[in-house]
Amino acid sequence: MDRNLFREDHEHFRRTVRAFIDAEVKPNQEKWAEQGMVDREAWRKAGAAGLLCTWLPEEYGGAGGDFLHAVIVMEELSRAYESGFAIPLHSDIVVPYIAEFGSDAQKKRWLPGCASGELVTAIAMTEPGTGSDLAALSTRAVRDGDDYVIDGSKTFISNGILCDLCIVAAKTDPDPARAHQGISLFVVEAGTPGFIKGKKLKKMGMASQDTSELAFEGCRVPSANRLGEEGSGFMMLMKKLQQERLCVAIASQAAAEQVLADTIAYCTERRAFGKPIGKFQNTQFKLVECATKVEVGRAFLDRLVAEHVAGKYLVKECSMAKLWQTEMGSEVVDTCLQFFGGYGYMLEYPVTRAYMDARVQRIFAGTNEIMKVIIAKQMGL
């Protein structure tokens with residue numbers, strides 16, 4: 001499908017991203033998967049190559065690009081079957097909180113390091129007993145003079161081990177009647193006493209992403225590390241979750257496209273009963289169904305990305321994309337894996353990793369069931 005989203009400078013940047021991935025990512029994927037973590041040096045190299053925080057103004061160390069440059073990074077990582085190098089999480093989900101809601105002093109203090117890769121970020125919302133229900137957070141931040149003392153625990157935190165900065169959602173007002181007005185966001189720096197990085201969690205997919213538990217035990221954070229006004233955290237989260245869900249949809253779409261392309265190539269080469277398996281009608285029908293879903297998804301998503309770049313309010317549409325693209329991606333990968341037969345069950349084949357990676361897309365950034373609730377409300381139901 002012809003795509004009209006990108007300018008010539010975007011296509012030049014795409015070539016830069018592909019060259020970086022060929023040189024710095026693909027040769028290390030097996031090692032990263034085995035160690036359960038991307039090398040820190042890879043983050044610094046990505047920063048030097050201009051792949052981090054592509055939209056960030058030059059005054060804060062960024063390249064002065066736009067969200068479309070970020071889209072290219074997401075797409076190319078997915079096409080390389082790289083789910084663990086969480087550049088999109090860092091650049092397009094976490095850092096925007098600092099860029100939009102941070103004070104001038106906070107932005108000057110942290111953003112240059114985020115763009116260079118010297119500072120790796122994470123965001124801590126999910127708790128052991130609280131998933132999509134953010135209003136039910138139990139982590140507390142109690143004011144004590146010029147500081148806040150944070151106590152609580154978080155889980156399933158991507159970049160949890162590597163992170164230098166972690167944006168933590170905590171209750172500053174315990175009154176249940178003010179659940180949505182009682183949440184604040186804090187930037188907690190690694191090494192702060194009481195900020196404990198727990199065990200790295202073993203997952204079904206995303207093997208090279210360091211997902212972990214975090215604990216806060218009497219963690220004293222200066223009030224200067226609070227983002228925005230006290231009690232404004234829930235509204236910040238709601239505003240930024242639109243882009244987070246769009247990022248998930250972008251990755252799911254690109255992954256489905258790459259898996260389909262590789263499966264079509266495989267089906268033209270793999271022979272059974274004297275001919276390529278792509279010549280069998282069942283194979284053709286299944287691949288046609290996948291291709292149709294992929295094309296429909298691409299048309300919707302590109303329109304949505306263009307509208308997002310234009311600054312439109314797209315809570316309903318981004319929730320739809322997160323819902324539809326992740327469901328579609330899982331269906332396409334599952335269908336394609338079947339054509340690889342026993343090889344599709346072997347971890348050395350990218351399609352196998354894609355299958356395991358696809359499952360969580362329907363869970364994080366708000367489960368797909370929550371997406372349906374949001375969409376229904378936006379429809380006035």
# chains A, B, ... in the order shown; residues from 1 in each chain; ligands from 1
>>> residues_around(residues="Leu314 of chain A", least_positions_apart="4", cutoff="8 Å", atoms="only C-alpha atoms", output="PyMOL selection string")
chain A and resi 242+308+318
>>> closest_atom_pairs(of="segment 280-306 of chain A", to="segment 3-16 of chain A", cutoff="9 Å", atoms="only C-alpha atoms", output="Markdown table")
| residue | atom | partner | partner_atom | distance |
| --- | --- | --- | --- | --- |
| A:Ala299 | CA | A:Arg3 | CA | 8.7 |
| A:Asp302 | CA | A:Leu5 | CA | 7.0 |
| A:Arg303 | CA | A:Leu5 | CA | 8.5 |
| A:Val305 | CA | A:Leu5 | CA | 8.3 |
| A:Ala306 | CA | A:Leu5 | CA | 6.8 |
>>> write_last_selection(atoms="C-alpha atoms", output="PDB file, in the first residue's frame")
ATOM      1  CA  ALA A 299      -5.382   2.233   6.061  1.00  0.00           C
ATOM      2  CA  ASP A 302      -2.107   5.682   8.905  1.00  0.00           C
ATOM      3  CA  ARG A 303      -5.168   7.937   8.925  1.00  0.00           C
ATOM      4  CA  VAL A 305      -1.417   8.656  12.959  1.00  0.00           C
ATOM      5  CA  ALA A 306      -1.881  11.659  10.645  1.00  0.00           C
TER       6      ALA A 306
END
>>> residues_around(residues="Ile264 of chain A", least_positions_apart="4", cutoff="10 Å", atoms="only C-alpha atoms", output="VMD selection string")
chain A and resid 258 to 260 268 to 269 277 to 278 283 to 284 287 291 336 339
>>> write_last_selection(atoms="N, CA and C atoms", output="mmCIF file, in the first residue's frame")
data_model
loop_
_atom_site.group_PDB
_atom_site.id
_atom_site.type_symbol
_atom_site.label_atom_id
_atom_site.label_comp_id
_atom_site.auth_asym_id
_atom_site.auth_seq_id
_atom_site.Cartn_x
_atom_site.Cartn_y
_atom_site.Cartn_z
ATOM 1 N N GLN A 258 5.237 -7.720 8.811
ATOM 2 C CA GLN A 258 6.503 -8.417 8.599
ATOM 3 C C GLN A 258 6.325 -9.930 8.649
ATOM 4 N N VAL A 259 5.553 -10.409 9.601
ATOM 5 C CA VAL A 259 5.303 -11.848 9.692
ATOM 6 C C VAL A 259 4.608 -12.345 8.428
ATOM 7 N N LEU A 260 3.645 -11.601 7.932
ATOM 8 C CA LEU A 260 2.941 -12.000 6.712
ATOM 9 C C LEU A 260 3.894 -12.043 5.531
ATOM 10 N N THR A 268 6.381 -19.868 -0.671
ATOM 11 C CA THR A 268 6.790 -20.033 -2.072
ATOM 12 C C THR A 268 7.993 -20.978 -2.200
ATOM 13 N N GLU A 269 8.682 -21.208 -1.077
ATOM 14 C CA GLU A 269 9.884 -22.055 -1.102
ATOM 15 C C GLU A 269 9.635 -23.448 -0.519
ATOM 16 N N ILE A 277 3.962 -25.030 -0.951
ATOM 17 C CA ILE A 277 2.715 -25.065 -0.193
ATOM 18 C C ILE A 277 1.844 -23.845 -0.497
ATOM 19 N N GLY A 278 2.442 -22.789 -1.054
ATOM 20 C CA GLY A 278 1.671 -21.625 -1.455
ATOM 21 C C GLY A 278 0.748 -21.900 -2.628
ATOM 22 N N THR A 283 -3.822 -22.711 1.707
ATOM 23 C CA THR A 283 -2.761 -21.746 2.004
ATOM 24 C C THR A 283 -3.096 -20.384 1.414
ATOM 25 N N GLN A 284 -3.520 -20.389 0.168
ATOM 26 C CA GLN A 284 -3.836 -19.134 -0.498
ATOM 27 C C GLN A 284 -4.970 -18.397 0.200
ATOM 28 N N LEU A 287 -3.801 -16.942 3.581
ATOM 29 C CA LEU A 287 -2.912 -15.795 3.415
ATOM 30 C C LEU A 287 -3.653 -14.587 2.852
ATOM 31 N N ALA A 291 -3.747 -10.996 4.539
ATOM 32 C CA ALA A 291 -3.358 -9.807 3.788
ATOM 33 C C ALA A 291 -4.457 -8.755 3.809
ATOM 34 N N CYS A 336 -0.171 -17.500 10.435
ATOM 35 C CA CYS A 336 1.082 -17.662 9.698
ATOM 36 C C CYS A 336 1.978 -18.726 10.313
ATOM 37 N N PHE A 339 1.778 -22.379 9.050
ATOM 38 C CA PHE A 339 2.398 -22.788 7.788
ATOM 39 C C PHE A 339 3.853 -23.222 7.966
#
>>> residues_around(residues="segment 60-70 of chain A", least_positions_apart="5", cutoff="7 Å", atoms="only C-alpha atoms", output="number ranges by chain")
A: 10, 50, 53-55, 108, 111-112, 115, 309
>>> select_by_dssp(residues="segment 154-250 of chain A", states="helix (DSSP H, G or I)", output="tab-separated table (two decimals) with N, CA and C atoms, in the first residue's frame")
chain	number	residue	atom	x	y	z
A	176	PRO	N	-11.13	8.10	49.63
A	176	PRO	CA	-11.74	7.34	48.54
A	176	PRO	C	-12.69	8.17	47.69
A	177	ALA	N	-13.27	9.19	48.28
A	177	ALA	CA	-14.20	10.03	47.54
A	177	ALA	C	-13.48	10.91	46.52
A	178	ARG	N	-12.16	11.02	46.67
A	178	ARG	CA	-11.36	11.83	45.75
A	178	ARG	C	-10.34	10.96	45.02
A	223	SER	N	10.10	17.46	46.73
A	223	SER	CA	8.90	17.94	46.04
A	223	SER	C	9.23	18.49	44.66
A	224	ALA	N	10.48	18.86	44.44
A	224	ALA	CA	10.92	19.33	43.13
A	224	ALA	C	10.85	18.23	42.07
A	225	ASN	N	10.70	16.98	42.51
A	225	ASN	CA	10.58	15.85	41.58
A	225	ASN	C	9.14	15.50	41.24
A	233	GLY	N	-2.17	13.94	38.72
A	233	GLY	CA	-1.58	12.78	38.06
A	233	GLY	C	-2.56	12.00	37.19
A	234	PHE	N	-3.78	11.81	37.66
A	234	PHE	CA	-4.74	11.00	36.90
A	234	PHE	C	-5.04	11.66	35.56
A	235	MET	N	-5.22	12.95	35.53
A	235	MET	CA	-5.50	13.64	34.28
A	235	MET	C	-4.30	13.57	33.33
A	236	MET	N	-3.09	13.63	33.88
A	236	MET	CA	-1.89	13.48	33.05
A	236	MET	C	-1.87	12.09	32.41
A	237	LEU	N	-2.16	11.09	33.20
A	237	LEU	CA	-2.15	9.71	32.70
A	237	LEU	C	-3.20	9.53	31.61
A	238	MET	N	-4.39	10.06	31.83
A	238	MET	CA	-5.44	9.92	30.84
A	238	MET	C	-5.07	10.61	29.53
A	239	LYS	N	-4.41	11.74	29.64
A	239	LYS	CA	-4.02	12.47	28.43
A	239	LYS	C	-2.96	11.73	27.65
A	240	LYS	N	-2.00	11.14	28.34
A	240	LYS	CA	-0.87	10.50	27.65
A	240	LYS	C	-1.15	9.06	27.24
A	241	LEU	N	-2.15	8.44	27.84
A	241	LEU	CA	-2.46	7.06	27.46
A	241	LEU	C	-2.96	6.97	26.02
A	242	GLN	N	-3.48	8.08	25.48
A	242	GLN	CA	-3.89	8.07	24.07
A	242	GLN	C	-2.71	7.71	23.17
A	243	GLN	N	-1.57	8.38	23.38
A	243	GLN	CA	-0.41	8.09	22.54
A	243	GLN	C	0.18	6.72	22.87
A	244	GLU	N	0.15	6.33	24.13
A	244	GLU	CA	0.67	5.01	24.49
A	244	GLU	C	-0.06	3.91	23.74
A	245	ARG	N	-1.38	4.01	23.69
A	245	ARG	CA	-2.17	2.98	23.01
A	245	ARG	C	-1.95	3.02	21.50
A	246	LEU	N	-1.72	4.20	20.97
A	246	LEU	CA	-1.40	4.31	19.55
A	246	LEU	C	-0.06	3.64	19.26
A	247	CYS	N	0.91	3.80	20.14
A	247	CYS	CA	2.21	3.16	19.96
A	247	CYS	C	2.08	1.63	19.94
A	248	VAL	N	1.24	1.10	20.80
A	248	VAL	CA	1.02	-0.35	20.82
A	248	VAL	C	0.42	-0.80	19.49
A	249	ALA	N	-0.54	-0.04	18.98
A	249	ALA	CA	-1.16	-0.38	17.70
A	249	ALA	C	-0.16	-0.33	16.55
A	250	ILE	N	0.71	0.67	16.57
A	250	ILE	CA	1.73	0.80	15.51
A	250	ILE	C	2.65	-0.41	15.50
>>> select_by_dssp(residues="segment 53-184 of chain A", states="strand (DSSP E)", output="PyMOL selection string")
chain A and resi 121-124+140-144+147-158+165-171+183-184
>>> closest_atom_pairs(of="segment 39-100 of chain A", to="segment 187-207 of chain A", cutoff="12 Å", atoms="only C-alpha atoms", output="Markdown table")
| residue | atom | partner | partner_atom | distance |
| --- | --- | --- | --- | --- |
| A:Ser78 | CA | A:Met206 | CA | 11.6 |
| A:Tyr81 | CA | A:Met206 | CA | 9.8 |
| A:Glu82 | CA | A:Met206 | CA | 8.2 |
| A:Ser83 | CA | A:Met206 | CA | 5.4 |
| A:Gly84 | CA | A:Met206 | CA | 5.3 |
| A:Phe85 | CA | A:Met206 | CA | 9.0 |
| A:Ala86 | CA | A:Met206 | CA | 9.8 |
| A:Val94 | CA | A:Val187 | CA | 10.5 |
| A:Val95 | CA | A:Val187 | CA | 10.7 |
| A:Tyr97 | CA | A:Val187 | CA | 9.9 |
| A:Ile98 | CA | A:Val187 | CA | 8.7 |
>>> closest_residue(among="A:Ala251, A:Ala136, A:Ala358, A:Met346", to="Ala321 of chain A", atoms="only C-alpha atoms")
A:Ala251
